[in-house]
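J.: Take a look at the following structure, please.
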Amino acid sequence: MFCSKFKAAIKKLLNQYDSYLEAHVESALSITTAIKKIIGSPVVDILTAIIPGNIDDVIKEQLRAALDKTILALSMVERCKASVDAETRLKCFVEQLSIAEPQLRDAILQKLASMLVGELDGQRFKQSIYDLFTQAGYTAVNHCL
């Protein structure tokens with residue numbers, strides 16, 4: 001009984017995965033991958049460094065706003081929340097990531113990606129659905145499924 005309900009629920013979720021959502025997953029994962037690459041590097045403008053240059057200007061602005069909102073939600077220390085602008089908050093966030101254990105860092109970056117997807121997608125679904133799709137996208141990219 002449980003197994004058949006579980007399979008039906010998974011099928012229903014997968015049917016909700018559309019090309020619009022797929023594009024958001026790809027954008028969010030590219031940003032978190034860029035953040036991971038710059039940890040410990042001296043970067044003057046982190047926002048410019050992590051948002052791909054070939055993305056439409058409207059999407060860039062959406063990404064900037066979504067990054068600021070999600071970093072506030074994910075801030076590991078109160079002082080990052082006290083920063084005056086998005087760039088300063090992001091620098092603080094990256095600094096805190098650089099001292100985190102690698103597994104915690106990866107978990108936080110994955111959650112950041114998931115929250116970015118939700119913001120870019122207009123929160124059409126529950127956050128757990130974005131978590132699932134982001135995890136699937138991350139796994140597909142990093143394990144060539």
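Here's how to read the names in the structure tokens: chain A, B, ... by the order shown, residue numbers from 1 in each chain, ligand numbers from 1 in the order shown.
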Could you pull out the residues in chain A that DSSP calls helix (DSSP H, G or I) from the backbone, as a VMD selection string?

T.: chain A and resid 2 to 15 19 to 38 46 to 50 57 to 74 78 to 81 86 to 99 102 to 120 127 to 143

J.: Limited to C-alpha atoms, could you put the picked residues into a file as a compact mmCIF listing (two decimals), in the first residue's frame?

T.:
# COMPACT_ATOMS: atom_id res chain seq x y z
CA PHE A 2 2.70 2.48 1.03
CA CYS A 3 4.87 1.67 -1.96
CA SER A 4 2.12 2.23 -4.54
CA LYS A 5 1.17 5.58 -2.94
CA PHE A 6 4.82 6.59 -2.85
CA LYS A 7 5.31 5.76 -6.53
CA ALA A 8 2.18 7.71 -7.45
CA ALA A 9 3.36 10.72 -5.47
CA ILE A 10 6.77 10.64 -7.18
CA LYS A 11 5.14 10.41 -10.62
CA LYS A 12 2.92 13.38 -9.80
CA LEU A 13 5.93 15.42 -8.67
CA LEU A 14 7.94 14.58 -11.77
CA ASN A 15 5.06 15.67 -13.98
CA SER A 19 11.40 23.55 -18.72
CA TYR A 20 10.85 26.81 -16.82
CA LEU A 21 11.74 25.13 -13.53
CA GLU A 22 14.64 23.30 -15.17
CA ALA A 23 16.17 26.62 -16.28
CA HIS A 24 15.94 27.94 -12.72
CA VAL A 25 17.64 24.82 -11.33
CA GLU A 26 20.46 25.24 -13.85
CA SER A 27 20.89 28.95 -12.98
CA ALA A 28 20.88 28.32 -9.24
CA LEU A 29 23.37 25.46 -9.49
CA SER A 30 25.72 27.55 -11.65
CA ILE A 31 25.66 30.28 -9.00
CA THR A 32 26.36 27.95 -6.09
CA THR A 33 29.13 26.26 -8.08
CA ALA A 34 30.67 29.69 -8.70
CA ILE A 35 30.40 30.53 -4.99
CA LYS A 36 32.16 27.28 -4.12
CA LYS A 37 34.97 28.15 -6.55
CA ILE A 38 35.58 31.63 -5.10
CA ILE A 46 31.26 38.70 -5.79
CA LEU A 47 27.85 39.29 -7.37
CA THR A 48 29.43 39.96 -10.75
CA ALA A 49 31.78 37.00 -10.35
CA ILE A 50 29.04 34.44 -9.64
CA ASP A 57 19.51 41.39 -17.57
CA VAL A 58 16.04 40.80 -16.11
CA ILE A 59 17.10 37.38 -14.82
CA LYS A 60 20.32 38.90 -13.45
CA GLU A 61 18.28 41.34 -11.38
CA GLN A 62 15.98 38.53 -10.22
CA LEU A 63 19.04 36.51 -9.22
CA ARG A 64 20.53 39.44 -7.31
CA ALA A 65 17.29 39.97 -5.38
CA ALA A 66 16.85 36.24 -4.76
CA LEU A 67 20.45 35.90 -3.57
CA ASP A 68 20.03 38.75 -1.11
CA LYS A 69 16.79 37.30 0.25
CA THR A 70 18.10 33.75 0.58
CA ILE A 71 21.38 34.80 2.15
CA LEU A 72 19.43 36.71 4.78
CA ALA A 73 17.40 33.56 5.43
CA LEU A 74 20.47 31.32 5.52
CA GLU A 78 23.91 37.46 12.93
CA ARG A 79 26.59 39.85 11.73
CA CYS A 80 25.93 38.88 8.10
CA LYS A 81 22.34 39.97 8.54
CA ALA A 86 23.69 42.61 -0.79
CA GLU A 87 27.36 42.60 -1.80
CA THR A 88 28.56 42.95 1.82
CA ARG A 89 26.14 40.25 3.00
CA LEU A 90 27.33 37.94 0.25
CA LYS A 91 31.00 38.55 1.15
CA CYS A 92 30.22 37.79 4.81
CA PHE A 93 28.31 34.65 3.78
CA VAL A 94 31.22 33.42 1.63
CA GLU A 95 33.66 34.12 4.47
CA GLN A 96 31.54 32.02 6.82
CA LEU A 97 31.31 29.25 4.23
CA SER A 98 35.08 29.21 3.92
CA ILE A 99 35.47 28.24 7.59
CA PRO A 102 33.11 20.75 3.75
CA GLN A 103 29.93 18.68 4.26
CA LEU A 104 28.16 21.59 5.96
CA ARG A 105 29.36 23.94 3.22
CA ASP A 106 27.93 21.66 0.53
CA ALA A 107 24.63 21.32 2.39
CA ILE A 108 24.31 25.09 2.77
CA LEU A 109 25.16 25.69 -0.90
CA GLN A 110 22.59 23.12 -1.95
CA LYS A 111 19.93 24.74 0.22
CA LEU A 112 20.90 28.13 -1.20
CA ALA A 113 20.42 26.75 -4.72
CA SER A 114 17.06 25.30 -3.76
CA MET A 115 15.87 28.56 -2.25
CA LEU A 116 17.07 30.47 -5.33
CA VAL A 117 15.05 28.13 -7.55
CA GLY A 118 11.96 28.82 -5.46
CA GLU A 119 12.48 32.57 -5.61
CA LEU A 120 13.08 32.56 -9.37
CA GLN A 127 10.05 24.51 -0.65
CA SER A 128 10.45 20.74 -0.28
CA ILE A 129 9.58 20.34 -3.99
CA TYR A 130 12.34 22.79 -4.93
CA ASP A 131 14.68 20.88 -2.62
CA LEU A 132 13.86 17.65 -4.48
CA PHE A 133 14.31 19.11 -7.96
CA THR A 134 17.52 20.90 -7.00
CA GLN A 135 18.94 17.71 -5.49
CA ALA A 136 18.02 15.82 -8.66
CA GLY A 137 19.65 18.51 -10.82
CA TYR A 138 22.78 18.55 -8.64
CA THR A 139 23.04 14.76 -8.78
CA ALA A 140 22.56 14.69 -12.54
CA VAL A 141 25.24 17.34 -13.12
CA ASN A 142 27.77 15.96 -10.67
CA HIS A 143 27.29 12.26 -11.29

J.: Could you jot down the atom CA of Phe125 of chain A to atom CA of Tyr17 of chain A separation for me, Å, one decimal place?

T.: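 According to the coordinates, atom CA of Phe125 of chain A and atom CA of Tyr17 of chain A are separated by 10.6 Å.
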
J.: Please measure the separation of atom CA of Asp56 of chain A and atom CA of Gly122 of chain A, giving the value in Å to one decimal.

T.: 17.4 Å
